[in-house]
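See below for protein_8.cif, which holds mmCIF, C-alpha atoms and all ligand atoms.
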data_structure
#
loop_
_atom_site.label_atom_id
_atom_site.label_comp_id
_atom_site.auth_asym_id
_atom_site.auth_seq_id
_atom_site.Cartn_x
_atom_site.Cartn_y
_atom_site.Cartn_z
CA MET A 1 107.83 -89.52 -132.63
CA THR A 2 104.91 -89.04 -130.25
CA LEU A 3 103.64 -85.55 -129.43
CA SER A 4 104.80 -86.07 -125.88
CA GLN A 5 108.37 -86.79 -127.05
CA LYS A 6 108.30 -83.81 -129.43
CA TYR A 7 107.15 -81.40 -126.70
CA GLU A 8 109.63 -82.85 -124.22
CA ASN A 9 112.45 -82.30 -126.72
CA GLU A 10 111.33 -78.74 -127.35
CA ALA A 11 110.94 -77.93 -123.66
CA GLY A 12 114.63 -77.12 -123.29
CA MET A 13 114.09 -74.08 -125.51
CA LEU A 14 111.21 -72.85 -123.38
CA ALA A 15 113.06 -72.70 -120.08
CA GLY A 16 115.17 -69.55 -120.13
CA ILE A 17 113.38 -66.29 -119.41
CA SER A 18 115.23 -63.00 -119.39
CA PRO A 19 114.67 -60.79 -116.30
CA SER A 20 113.89 -57.96 -118.70
CA VAL A 21 110.85 -59.79 -120.06
CA LYS A 22 107.85 -57.44 -120.15
CA PRO A 23 104.77 -58.36 -118.13
CA GLY A 24 101.86 -59.35 -120.32
CA SER A 25 98.37 -60.73 -120.34
CA VAL A 26 96.31 -63.07 -122.49
CA ALA A 27 92.69 -64.23 -122.34
CA TRP A 28 90.63 -66.90 -124.08
CA ARG A 29 86.98 -67.84 -124.22
CA SER A 30 86.70 -71.59 -124.67
CA PRO A 31 83.56 -73.70 -125.00
CA SER A 32 82.26 -76.77 -123.28
CA ASN A 33 81.58 -79.73 -125.57
CA ILE A 34 79.20 -82.64 -125.68
CA ALA A 35 80.45 -86.04 -126.79
CA LEU A 36 78.16 -88.19 -128.92
CA ILE A 37 80.68 -91.02 -128.87
CA LYS A 38 81.86 -91.16 -125.29
CA TYR A 39 85.30 -91.27 -123.74
CA TRP A 40 84.95 -93.65 -120.82
CA GLY A 41 88.05 -95.43 -119.55
CA LYS A 42 91.69 -94.29 -119.55
CA ARG A 43 95.12 -95.82 -119.73
CA ASP A 44 98.52 -94.52 -118.63
CA PHE A 45 98.38 -90.79 -117.99
CA GLN A 46 95.23 -89.23 -119.45
CA LEU A 47 95.14 -91.38 -122.58
CA PRO A 48 91.76 -92.66 -123.74
CA GLN A 49 90.87 -96.32 -124.09
CA ASN A 50 88.69 -95.51 -127.09
CA PRO A 51 88.19 -92.67 -129.56
CA SER A 52 85.46 -90.10 -128.88
CA LEU A 53 83.61 -87.58 -131.03
CA SER A 54 81.96 -84.34 -129.93
CA PHE A 55 80.81 -80.91 -130.95
CA VAL A 56 81.50 -77.70 -129.06
CA LEU A 57 78.69 -75.61 -127.65
CA GLU A 58 78.15 -71.96 -128.45
CA LYS A 59 76.76 -70.49 -125.26
CA SER A 60 78.36 -72.65 -122.58
CA PHE A 61 81.91 -71.43 -122.18
CA THR A 62 84.63 -70.34 -119.74
CA GLU A 63 86.61 -67.13 -120.06
CA THR A 64 90.07 -67.23 -118.53
CA SER A 65 92.62 -64.44 -118.34
CA MET A 66 96.25 -64.85 -117.33
CA GLU A 67 98.51 -61.97 -116.41
CA TYR A 68 102.16 -62.92 -116.18
CA ARG A 69 105.36 -61.26 -115.00
CA TYR A 70 108.94 -62.36 -114.39
CA LYS A 71 109.38 -64.08 -111.04
CA GLY A 72 113.07 -64.80 -111.18
CA ASN A 73 114.91 -68.03 -110.89
CA LYS A 74 115.02 -67.98 -107.12
CA GLY A 75 112.64 -70.56 -105.77
CA SER A 76 111.82 -71.39 -109.34
CA ARG A 77 110.42 -74.76 -108.31
CA ASN A 78 107.60 -73.02 -106.45
CA LEU A 79 104.62 -72.24 -108.54
CA LYS A 80 103.33 -68.73 -107.92
CA PHE A 81 99.83 -67.65 -108.90
CA ASP A 82 96.65 -65.98 -107.64
CA PHE A 83 93.34 -67.33 -108.78
CA ILE A 84 89.97 -65.61 -108.76
CA PHE A 85 86.80 -67.33 -109.95
CA GLU A 86 83.90 -64.99 -110.74
CA GLY A 87 85.31 -62.33 -108.42
CA GLN A 88 86.00 -64.66 -105.47
CA SER A 89 88.66 -67.07 -104.35
CA ASN A 90 87.78 -70.73 -104.83
CA SER A 91 90.06 -73.24 -103.14
CA ALA A 92 88.75 -76.34 -104.95
CA PHE A 93 89.36 -74.84 -108.41
CA GLU A 94 92.67 -73.36 -107.24
CA LEU A 95 93.91 -76.79 -106.22
CA ARG A 96 92.91 -78.25 -109.57
CA ILE A 97 94.78 -75.46 -111.39
CA ARG A 98 97.83 -75.95 -109.20
CA THR A 99 97.94 -79.66 -110.04
CA PHE A 100 97.43 -78.88 -113.72
CA LEU A 101 100.18 -76.22 -113.85
CA LYS A 102 102.59 -78.55 -112.06
CA THR A 103 101.84 -81.32 -114.55
CA VAL A 104 102.30 -79.21 -117.67
CA THR A 105 105.52 -77.54 -116.47
CA GLU A 106 107.36 -80.52 -117.91
CA PHE A 107 106.35 -79.29 -121.38
CA LEU A 108 106.16 -75.54 -120.61
CA PRO A 109 109.05 -74.97 -118.16
CA PHE A 110 108.76 -71.17 -118.39
CA ILE A 111 105.84 -71.51 -115.95
CA ASN A 112 108.39 -71.86 -113.15
CA HIS A 113 109.99 -68.48 -113.93
CA LEU A 114 106.80 -66.45 -114.06
CA GLU A 115 104.15 -65.43 -111.58
CA PHE A 116 100.52 -65.35 -112.68
CA LYS A 117 97.20 -63.72 -111.91
CA ILE A 118 94.48 -65.98 -113.23
CA GLY A 119 90.83 -64.96 -113.47
CA SER A 120 88.03 -67.15 -114.70
CA ARG A 121 84.27 -67.09 -115.21
CA ASN A 122 81.67 -69.39 -116.72
CA SER A 123 78.78 -68.31 -118.95
CA PHE A 124 76.59 -70.94 -117.31
CA PRO A 125 75.66 -71.11 -113.63
CA HIS A 126 78.27 -73.06 -111.71
CA SER A 127 75.57 -75.22 -110.14
CA SER A 128 73.79 -76.08 -113.40
CA GLY A 129 75.20 -79.57 -113.60
CA ILE A 130 77.12 -78.62 -116.75
CA ALA A 131 80.64 -80.01 -116.54
CA SER A 132 82.97 -77.04 -116.58
CA SER A 133 86.26 -78.95 -116.69
CA ALA A 134 86.36 -79.09 -120.52
CA SER A 135 85.88 -75.34 -120.99
CA ALA A 136 87.98 -74.40 -117.94
CA MET A 137 90.98 -76.58 -118.76
CA SER A 138 90.94 -75.80 -122.48
CA SER A 139 90.81 -72.04 -121.81
CA LEU A 140 93.79 -72.36 -119.45
CA ALA A 141 95.71 -74.45 -121.96
CA LEU A 142 95.03 -71.91 -124.72
CA CYS A 143 96.29 -69.10 -122.44
CA LEU A 144 99.49 -71.01 -121.64
CA VAL A 145 100.28 -71.77 -125.28
CA SER A 146 99.54 -68.11 -126.12
CA ILE A 147 102.09 -67.06 -123.49
CA GLU A 148 104.60 -69.43 -125.08
CA LYS A 149 103.86 -67.76 -128.42
CA GLU A 150 104.34 -64.25 -126.96
CA LEU A 151 107.60 -65.13 -125.23
CA PHE A 152 109.22 -67.55 -127.67
CA GLY A 153 107.36 -67.17 -130.99
CA THR A 154 106.32 -70.82 -130.98
CA PRO A 155 104.28 -72.80 -131.99
CA LYS A 156 104.75 -71.21 -135.38
CA THR A 157 101.63 -72.29 -137.27
CA ASP A 158 97.97 -72.22 -136.21
CA LYS A 159 97.80 -75.98 -136.70
CA ASP A 160 100.71 -76.54 -134.31
CA PHE A 161 99.27 -74.01 -131.87
CA PHE A 162 95.92 -75.79 -131.53
CA THR A 163 97.47 -79.26 -131.47
CA LYS A 164 99.65 -78.22 -128.57
CA ALA A 165 96.76 -76.49 -126.78
CA SER A 166 94.71 -79.67 -127.17
CA PHE A 167 97.58 -81.83 -125.88
CA ILE A 168 98.08 -79.55 -122.85
CA ALA A 169 94.32 -79.37 -122.16
CA ARG A 170 94.18 -83.18 -122.06
CA LEU A 171 96.56 -83.22 -119.10
CA GLY A 172 93.98 -81.20 -117.14
CA SER A 173 90.86 -83.09 -118.22
CA GLY A 174 90.35 -85.62 -120.99
CA SER A 175 87.23 -84.04 -122.46
CA ALA A 176 88.98 -80.61 -122.61
CA VAL A 177 91.12 -81.96 -125.45
CA ARG A 178 88.11 -81.59 -127.81
CA SER A 179 87.28 -77.97 -126.89
CA VAL A 180 90.02 -76.17 -128.82
CA TYR A 181 88.33 -76.48 -132.24
CA GLY A 182 85.02 -75.33 -133.69
CA ASP A 183 82.24 -77.75 -134.68
CA TRP A 184 83.17 -81.44 -134.57
CA SER A 185 86.33 -82.93 -133.04
CA LEU A 186 87.66 -86.44 -132.68
CA TRP A 187 90.01 -87.52 -129.93
CA GLY A 188 91.77 -90.86 -130.15
CA LYS A 189 93.34 -92.84 -132.93
CA HIS A 190 90.80 -94.00 -135.51
CA ILE A 191 91.41 -95.26 -139.02
CA ILE A 192 88.63 -93.09 -140.44
CA ILE A 193 90.43 -89.80 -139.68
CA ARG A 194 93.97 -89.40 -140.91
CA GLY A 195 96.32 -87.88 -138.33
CA SER A 196 94.08 -88.79 -135.39
CA THR A 197 95.96 -89.58 -132.19
CA ASP A 198 95.34 -90.50 -128.56
CA GLU A 199 97.43 -87.51 -127.45
CA ALA A 200 95.33 -84.64 -128.84
CA ALA A 201 92.10 -84.01 -130.70
CA VAL A 202 91.76 -83.21 -134.40
CA GLN A 203 89.00 -81.22 -136.04
CA VAL A 204 86.76 -83.37 -138.22
CA ASN A 205 86.72 -81.75 -141.64
CA LYS A 206 84.50 -84.24 -143.44
CA GLU A 207 81.77 -82.97 -145.76
CA PHE A 208 78.83 -83.56 -143.42
CA ASN A 209 75.26 -83.19 -144.57
CA PRO A 210 74.28 -79.56 -143.70
CA MET A 211 71.70 -80.72 -141.15
CA PHE A 212 74.50 -81.83 -138.86
CA LYS A 213 76.26 -78.48 -139.10
CA ARG A 214 73.24 -76.72 -137.63
CA LEU A 215 72.42 -78.91 -134.66
CA ALA A 216 70.89 -77.31 -131.62
CA ASP A 217 71.20 -78.67 -128.10
CA ALA A 218 68.60 -77.98 -125.41
CA ILE A 219 70.28 -78.91 -122.14
CA LEU A 220 67.51 -79.98 -119.77
CA ILE A 221 68.69 -79.62 -116.18
CA VAL A 222 67.22 -82.48 -114.18
CA ASP A 223 69.55 -82.06 -111.22
CA SER A 224 72.19 -79.40 -110.67
CA GLY A 225 73.70 -80.99 -107.56
CA LYS A 226 77.18 -82.47 -107.21
CA LYS A 227 77.44 -85.97 -108.68
CA LYS A 228 77.89 -88.79 -106.19
CA VAL A 229 80.58 -90.37 -108.40
CA SER A 230 82.85 -88.05 -110.38
CA SER A 231 83.91 -88.78 -113.97
CA SER A 232 87.48 -89.36 -112.84
CA GLN A 233 86.27 -92.08 -110.44
CA GLY A 234 83.97 -93.42 -113.15
CA HIS A 235 86.86 -93.86 -115.60
CA LYS A 236 88.64 -95.97 -112.97
CA THR A 237 85.73 -98.40 -112.74
CA MET A 238 86.51 -99.38 -116.35
CA ASN A 239 89.87 -100.86 -115.28
CA ASP A 240 88.23 -104.03 -113.98
CA HIS A 241 84.93 -103.80 -115.81
CA PRO A 242 83.68 -107.13 -117.19
CA PHE A 243 82.47 -105.48 -120.43
CA ALA A 244 85.36 -103.04 -120.94
CA GLU A 245 86.86 -104.58 -124.07
CA VAL A 246 83.48 -104.88 -125.78
CA ARG A 247 82.69 -101.27 -124.89
CA TYR A 248 85.97 -99.93 -126.34
CA ARG A 249 85.34 -101.85 -129.55
CA GLN A 250 81.76 -100.61 -129.71
CA ALA A 251 82.93 -96.97 -129.45
CA GLY A 252 85.31 -97.43 -132.40
CA GLU A 253 82.57 -99.02 -134.51
CA ASN A 254 80.09 -96.30 -133.54
CA ILE A 255 82.50 -93.55 -134.67
CA LYS A 256 82.53 -95.11 -138.12
CA LYS A 257 78.75 -95.51 -138.22
CA LEU A 258 78.13 -91.98 -136.97
CA ILE A 259 80.55 -90.27 -139.35
CA ASN A 260 79.09 -92.21 -142.28
CA ALA A 261 75.55 -91.29 -141.19
CA MET A 262 76.53 -87.61 -141.03
CA ILE A 263 78.13 -87.68 -144.47
CA ILE A 264 75.15 -89.27 -146.20
CA GLY A 265 72.54 -87.49 -144.05
CA ASP A 266 71.09 -90.69 -142.58
CA GLU A 267 69.00 -89.41 -139.66
CA GLN A 268 67.81 -92.82 -138.48
CA SER A 269 71.31 -94.28 -138.16
CA PHE A 270 72.49 -91.09 -136.44
CA ILE A 271 69.72 -91.37 -133.84
CA LYS A 272 70.33 -95.08 -133.29
CA VAL A 273 74.05 -94.62 -132.65
CA VAL A 274 73.72 -91.48 -130.52
CA GLU A 275 71.06 -92.90 -128.21
CA SER A 276 72.85 -96.23 -127.90
CA GLU A 277 76.08 -94.41 -126.94
CA ALA A 278 74.29 -92.36 -124.26
CA LEU A 279 72.64 -95.42 -122.74
CA SER A 280 75.79 -97.57 -123.05
CA LEU A 281 77.73 -94.98 -121.02
CA HIS A 282 75.24 -95.28 -118.18
CA ALA A 283 74.96 -99.05 -118.61
CA MET A 284 78.73 -99.18 -117.96
CA MET A 285 78.23 -97.37 -114.65
CA ILE A 286 75.34 -99.64 -113.64
CA SER A 287 77.20 -102.84 -114.57
CA SER A 288 80.55 -101.83 -113.05
CA ASN A 289 81.76 -103.74 -110.00
CA ASP A 290 80.52 -101.04 -107.62
CA GLY A 291 77.33 -100.61 -109.68
CA TYR A 292 75.90 -97.11 -109.47
CA SER A 293 73.62 -94.91 -111.51
CA LEU A 294 73.59 -91.15 -111.97
CA LEU A 295 70.23 -91.15 -113.75
CA LYS A 296 67.03 -89.91 -112.10
CA GLU A 297 63.40 -90.76 -112.71
CA ALA A 298 62.97 -87.48 -114.57
CA THR A 299 65.83 -88.44 -116.92
CA TRP A 300 63.90 -91.54 -118.01
CA SER A 301 60.65 -89.60 -118.37
CA ILE A 302 62.35 -87.02 -120.59
CA ILE A 303 63.86 -89.77 -122.74
CA ASP A 304 60.43 -91.43 -123.15
CA ARG A 305 58.80 -88.14 -124.06
CA ILE A 306 61.47 -87.28 -126.63
CA ARG A 307 61.01 -90.67 -128.29
CA GLU A 308 57.20 -90.30 -128.31
CA PHE A 309 57.47 -86.77 -129.66
CA ARG A 310 59.76 -87.94 -132.47
CA ILE A 311 57.26 -90.59 -133.56
CA LYS A 312 54.23 -88.28 -133.35
CA SER A 313 55.78 -85.18 -134.92
CA GLY A 314 58.04 -86.88 -137.46
CA LEU A 315 60.71 -84.29 -136.54
CA PHE A 316 64.37 -85.00 -135.95
CA ALA A 317 64.75 -85.04 -132.16
CA THR A 318 67.14 -87.23 -130.23
CA PHE A 319 69.03 -87.19 -126.97
CA THR A 320 72.41 -87.73 -125.46
CA LEU A 321 73.60 -87.82 -121.85
CA ASP A 322 76.76 -86.69 -120.14
CA ALA A 323 78.02 -88.44 -117.02
CA GLY A 324 75.02 -87.13 -115.09
CA PRO A 325 71.23 -86.99 -115.04
CA ASN A 326 70.75 -84.01 -117.39
CA VAL A 327 69.47 -84.62 -120.90
CA HIS A 328 70.82 -82.99 -124.07
CA LEU A 329 67.94 -82.78 -126.57
CA LEU A 330 69.45 -82.53 -130.06
CA TYR A 331 67.40 -81.08 -132.89
CA GLN A 332 67.71 -79.01 -136.02
CA GLN A 333 67.66 -75.24 -135.73
CA LYS A 334 64.97 -75.01 -138.44
CA ASP A 335 62.58 -76.86 -136.09
CA ALA A 336 63.30 -74.56 -133.14
CA ASP A 337 59.70 -73.26 -132.76
CA ALA A 338 58.12 -76.72 -132.60
CA ILE A 339 60.84 -78.05 -130.30
CA LYS A 340 60.63 -75.11 -127.92
CA ALA A 341 56.86 -75.54 -127.69
CA PHE A 342 57.42 -79.23 -126.90
CA ILE A 343 59.97 -78.34 -124.21
CA THR A 344 57.63 -75.81 -122.61
CA LEU A 345 54.60 -78.09 -122.65
CA GLN A 346 56.11 -81.45 -121.84
CA LEU A 347 59.63 -81.23 -120.47
CA LEU A 348 59.99 -78.18 -118.26
CA ASN A 349 57.95 -79.72 -115.44
CA LEU A 350 60.59 -82.47 -115.29
CA CYS A 351 63.50 -80.02 -115.04
CA GLU A 352 64.82 -78.69 -111.74
CA THR A 353 63.12 -75.33 -111.22
CA GLY A 354 62.25 -75.36 -114.92
CA GLN A 355 65.89 -74.82 -115.90
CA TRP A 356 67.23 -75.48 -119.38
CA ILE A 357 69.99 -74.02 -121.54
CA ASP A 358 69.19 -73.10 -125.11
CA ASP A 359 72.48 -74.00 -126.79
CA ARG A 360 73.78 -75.18 -130.16
CA ILE A 361 76.85 -76.21 -132.08
CA GLY A 362 79.52 -73.52 -131.81
CA LYS A 363 82.48 -72.08 -133.67
CA GLY A 364 85.10 -72.89 -131.07
CA PRO A 365 87.38 -70.85 -128.85
CA GLU A 366 88.09 -67.17 -129.29
CA LYS A 367 91.14 -65.22 -128.20
CA LEU A 368 89.92 -62.19 -126.26
CA TYR A 369 93.34 -60.50 -126.01
C1 LIG A 401 81.15 -88.96 -119.94
O1 LIG A 401 86.94 -85.51 -119.19
O2 LIG A 401 85.49 -85.31 -117.16
O3 LIG A 401 81.76 -86.71 -120.34
O4 LIG A 401 89.74 -86.90 -117.92
O5 LIG A 401 89.08 -87.46 -115.59
O6 LIG A 401 88.78 -85.11 -116.44
P1 LIG A 401 88.81 -86.59 -116.78
O7 LIG A 401 87.34 -87.00 -117.23
P2 LIG A 401 86.29 -86.18 -118.06
O8 LIG A 401 85.36 -87.37 -118.59
C2 LIG A 401 84.28 -87.08 -119.45
C3 LIG A 401 83.50 -88.26 -119.72
C4 LIG A 401 82.21 -88.02 -120.50
C5 LIG A 401 82.38 -88.38 -121.97
C6 LIG A 401 83.14 -87.44 -122.84
O9 LIG A 401 83.15 -86.22 -122.64
O10 LIG A 401 83.68 -87.95 -123.83
#

Can you present the structure in this file as structure tokens?
Amino acid sequence: MTLSQKYENEAGMLAGISPSVKPGSVAWRSPSNIALIKYWGKRDFQLPQNPSLSFVLEKSFTETSMEYRYKGNKGSRNLKFDFIFEGQSNSAFELRIRTFLKTVTEFLPFINHLEFKIGSRNSFPHSSGIASSASAMSSLALCLVSIEKELFGTPKTDKDFFTKASFIARLGSGSAVRSVYGDWSLWGKHIIIRGSTDEAAVQVNKEFNPMFKRLADAILIVDSGKKKVSSSQGHKTMNDHPFAEVRYRQAGENIKKLINAMIIGDEQSFIKVVESEALSLHAMMISSNDGYSLLKEATWSIIDRIREFRIKSGLFATFTLDAGPNVHLLYQQKDADAIKAFITLQLLNLCETGQWIDDRIGKGPEKLY
């Protein structure tokens, strides 16, 4: 049985709410994540064309609170909620949440019998070019599954709780699926991880070499503006992309190579795979039928300087890219002093108003109440 079938079957038990139900509130802090093996291309509804692998960040997160109270069955088809983002209303985010709540009501039908007050804030500036959909959608999903737990006592185990939160988060944004666990997560069926599925992420519990458990990520903000092509539009360009099949196969092979490199502590293979993934993602955009690029001159200069620095210093320093011009410089926390000196001397002049975020691999979401 697929997860979707299981949750559909269980939905019948999550529909009836007694008018005497006590109002309550839950809140979660959930991190953003950075994929080293990229999800790019979807099929059906929010299912990935290839598996992806990421780690969660420590300092880049969203906090979401949800107050709920009984609304009654009258007009139960009409969703009722207020949404405040960082103390203000925000119609774009509100619309996205409305669409998300409507979508997940199929699996969490109690949503129709409650009214909500939702509040949300990000730890990073909204205009930093950091994608907030992963942290925002995962924090909402975690709140919703927590409400299910408070009202119905399900999901019973932690494992089931986080699987369901991941599944629900996926329906809001694909990359959010990987934000419900600490450290490394894999999304998408892959032979190397037992239990992996396209419907939710799993935490990767392999014995990685310790160096990969202490990765730091300096997010160098090249441009904080709105992207000219969103990720959702970008995924669509894969539907008629001449290299799509090769790309999906490459991602699967790279997962295997990367996980093996992390187990045996093979820095060179790690760097080769990670940089090739970052550049392949952008090569897909450039070679799509409507050919576009989100990279800027400063992105290329930063990449060149990181590669030169690695050769000259002999230190572990590599980069990855999200679907945008900003560069994630990955390094080991033990080399922080040398790397920060390098950033200050050689990279900050390439960043927009000298902005960068000093982040690292994180422990995953936290329930605030
Ligand atoms: C390049 O998760 O933002 O960051 O599912 O449409 O919300 P939607 O797309 P989104 O795509 C992220 C793409 C990526 C790679 C990744 O995170 O794996």

For the interface of chain A with ligand LIG 401 (chain A) (cut-off 6 Å, counting only C-alpha atoms and all ligand atoms), please tabulate each contacting residue of chain A alongside its nearest pair of atoms and their separation in Å to one decimal, rows sorted by chain and increasing number, as CSV.
residue,atom,partner,partner_atom,distance
A:Ala35,CA,A:LIG401,O10,4.8
A:Lys38,CA,A:LIG401,O10,4.0
A:Tyr39,CA,A:LIG401,O10,3.7
A:Trp40,CA,A:LIG401,C3,5.7
A:Ser52,CA,A:LIG401,O10,5.8
A:Ser173,CA,A:LIG401,O6,3.4
A:Gly174,CA,A:LIG401,O4,3.4
A:Ser175,CA,A:LIG401,O1,3.6
A:Ser231,CA,A:LIG401,O2,5.0
A:Ser232,CA,A:LIG401,O5,3.7
A:Asp322,CA,A:LIG401,C1,4.9
A:Ala323,CA,A:LIG401,C1,4.3

Adding 8 Å on each side of the box along x, y and z that holds all listed atoms of stretch 282-286 of chain A, could you give its centre and edge lengths in Å to one decimal, as lines of an AutoDock Vina configuration file?
center_x = 76.8
center_y = -97.5
center_z = -116.1
size_x = 19.8
size_y = 20.4
size_z = 21.0

Residues of stretch 78-161 of chain A at most 9 Å from stretch 12-26 of chain A: nearest atom pair and distance in Å, only C-alpha atoms, as CSV:
residue,atom,partner,partner_atom,distance
A:Phe107,CA,A:Leu14,CA,8.3
A:Leu108,CA,A:Leu14,CA,6.4
A:Pro109,CA,A:Ala15,CA,5.0
A:Phe110,CA,A:Ala15,CA,4.9
A:Ile111,CA,A:Ala15,CA,8.4
A:Asn112,CA,A:Ala15,CA,8.4
A:His113,CA,A:Ile17,CA,6.8
A:Leu114,CA,A:Ile17,CA,8.5
A:Cys143,CA,A:Val26,CA,6.0
A:Leu144,CA,A:Val26,CA,8.6
A:Ser146,CA,A:Val26,CA,7.0
A:Ile147,CA,A:Val26,CA,7.1
A:Glu148,CA,A:Leu14,CA,7.6
A:Glu150,CA,A:Gly24,CA,8.6
A:Leu151,CA,A:Val21,CA,8.1
A:Phe152,CA,A:Leu14,CA,7.1

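Using all atoms listed in the file, the smallest distance between any of A:Met238, A:Leu294, A:Ile192, A:Ile306 and A:Asn205 comes from A:Ile192.
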
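In this structure, atom CA of A:Leu345 sits 26.6 Å away from atom CA of A:His126.
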
Residues within 10 Å of (67.2, -92.4, -135.4), file coords, only C-alpha atoms, listed as an MDAnalysis selection string: chainID A and resid 266:275 307 310 316:318

What would the list of residues within 12 Å of (64.1, -73.7, -133.9) (file frame) look like as number ranges by chain, if only C-alpha atoms are what count? A: 214-218, 315-317, 330-343, 358-360

May I have the residues from that selection written out with C-alpha atoms, as a compact mmCIF listing (two decimals), in the coordinates of the input?
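Generated output (again28.txt):
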# COMPACT_ATOMS: atom_id res chain seq x y z
CA ARG A 214 73.24 -76.72 -137.63
CA LEU A 215 72.42 -78.91 -134.66
CA ALA A 216 70.89 -77.31 -131.62
CA ASP A 217 71.20 -78.67 -128.10
CA ALA A 218 68.60 -77.98 -125.41
CA LEU A 315 60.71 -84.29 -136.54
CA PHE A 316 64.37 -85.00 -135.95
CA ALA A 317 64.75 -85.04 -132.16
CA LEU A 330 69.45 -82.53 -130.06
CA TYR A 331 67.40 -81.08 -132.89
CA GLN A 332 67.71 -79.01 -136.02
CA GLN A 333 67.66 -75.24 -135.73
CA LYS A 334 64.97 -75.01 -138.44
CA ASP A 335 62.58 -76.86 -136.09
CA ALA A 336 63.30 -74.56 -133.14
CA ASP A 337 59.70 -73.26 -132.76
CA ALA A 338 58.12 -76.72 -132.60
CA ILE A 339 60.84 -78.05 -130.30
CA LYS A 340 60.63 -75.11 -127.92
CA ALA A 341 56.86 -75.54 -127.69
CA PHE A 342 57.42 -79.23 -126.90
CA ILE A 343 59.97 -78.34 -124.21
CA ASP A 358 69.19 -73.10 -125.11
CA ASP A 359 72.48 -74.00 -126.79
CA ARG A 360 73.78 -75.18 -130.16

A:Ser280, A:Asn122, A:Gln49, A:Thr62 ranked by distance to A:His190, top pick (using all atoms listed in the file):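 Of the candidates, the smallest distance to A:His190 is held by A:Gln49.
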
Select, from A:Asp183, A:Glu106, A:Glu115, A:Glu94, the residue with the minimum atom-to-atom distance to A:Tyr68, counting all atoms listed in the file.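 Smallest distance to A:Tyr68 is found for A:Glu115.
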
Figure out the distance between atom CA of A:Phe124 and atom CA of A:Leu350, please, to one decimal in Å.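 Separation between atom CA of A:Leu350 and atom CA of A:Phe124: 19.8 Å.
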
Report, in Å to a single decimal, how far apart atom CA of A:Val229 and atom CA of A:His241 are. 15.9 Å

List the spatial neighbours of A:Asn326 as a tab-separated table (two decimals) with C-alpha atoms, in the frame of the given file - criterion: any atom at most 12 Å away, all atoms listed in the file, same-chain residues fewer than 4 positions off excluded.
chain	number	residue	atom	x	y	z
A	34	ILE	CA	79.20	-82.64	-125.68
A	128	SER	CA	73.79	-76.08	-113.40
A	129	GLY	CA	75.20	-79.57	-113.60
A	130	ILE	CA	77.12	-78.62	-116.75
A	131	ALA	CA	80.64	-80.01	-116.54
A	217	ASP	CA	71.20	-78.67	-128.10
A	218	ALA	CA	68.60	-77.98	-125.41
A	219	ILE	CA	70.28	-78.91	-122.14
A	220	LEU	CA	67.51	-79.98	-119.77
A	221	ILE	CA	68.69	-79.62	-116.18
A	222	VAL	CA	67.22	-82.48	-114.18
A	223	ASP	CA	69.55	-82.06	-111.22
A	224	SER	CA	72.19	-79.40	-110.67
A	225	GLY	CA	73.70	-80.99	-107.56
A	227	LYS	CA	77.44	-85.97	-108.68
A	278	ALA	CA	74.29	-92.36	-124.26
A	294	LEU	CA	73.59	-91.15	-111.97
A	295	LEU	CA	70.23	-91.15	-113.75
A	296	LYS	CA	67.03	-89.91	-112.10
A	297	GLU	CA	63.40	-90.76	-112.71
A	298	ALA	CA	62.97	-87.48	-114.57
A	299	THR	CA	65.83	-88.44	-116.92
A	300	TRP	CA	63.90	-91.54	-118.01
A	301	SER	CA	60.65	-89.60	-118.37
A	302	ILE	CA	62.35	-87.02	-120.59
A	303	ILE	CA	63.86	-89.77	-122.74
A	319	PHE	CA	69.03	-87.19	-126.97
A	320	THR	CA	72.41	-87.73	-125.46
A	321	LEU	CA	73.60	-87.82	-121.85
A	322	ASP	CA	76.76	-86.69	-120.14
A	347	LEU	CA	59.63	-81.23	-120.47
A	350	LEU	CA	60.59	-82.47	-115.29
A	351	CYS	CA	63.50	-80.02	-115.04
A	352	GLU	CA	64.82	-78.69	-111.74
A	355	GLN	CA	65.89	-74.82	-115.90
A	356	TRP	CA	67.23	-75.48	-119.38
A	357	ILE	CA	69.99	-74.02	-121.54

Can you tell me which residues surround A:Phe55 at a distance of at most 10 Å, considering all atoms listed in the file, apart from same-chain residues fewer than 4 positions away, and format the answer as a list in words?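 Close residues of A:Phe55: Pro31, Ser32, Asn33, Ile34, Ala35, Leu36, Arg178, Ser179, Tyr181, Gly182, Asp183, Trp184, Ser185, Leu186, Gln203, Val204, Lys213, Leu215, Arg360, Ile361, Gly362, Lys363 and Gly364 of chain A.
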
File of the preceding selection, C-alpha atoms, as a CSV table (one decimal), keeping the file's coordinate frame:
chain,number,residue,atom,x,y,z
A,31,PRO,CA,83.6,-73.7,-125.0
A,32,SER,CA,82.3,-76.8,-123.3
A,33,ASN,CA,81.6,-79.7,-125.6
A,34,ILE,CA,79.2,-82.6,-125.7
A,35,ALA,CA,80.4,-86.0,-126.8
A,36,LEU,CA,78.2,-88.2,-128.9
A,178,ARG,CA,88.1,-81.6,-127.8
A,179,SER,CA,87.3,-78.0,-126.9
A,181,TYR,CA,88.3,-76.5,-132.2
A,182,GLY,CA,85.0,-75.3,-133.7
A,183,ASP,CA,82.2,-77.8,-134.7
A,184,TRP,CA,83.2,-81.4,-134.6
A,185,SER,CA,86.3,-82.9,-133.0
A,186,LEU,CA,87.7,-86.4,-132.7
A,203,GLN,CA,89.0,-81.2,-136.0
A,204,VAL,CA,86.8,-83.4,-138.2
A,213,LYS,CA,76.3,-78.5,-139.1
A,215,LEU,CA,72.4,-78.9,-134.7
A,360,ARG,CA,73.8,-75.2,-130.2
A,361,ILE,CA,76.8,-76.2,-132.1
A,362,GLY,CA,79.5,-73.5,-131.8
A,363,LYS,CA,82.5,-72.1,-133.7
A,364,GLY,CA,85.1,-72.9,-131.1
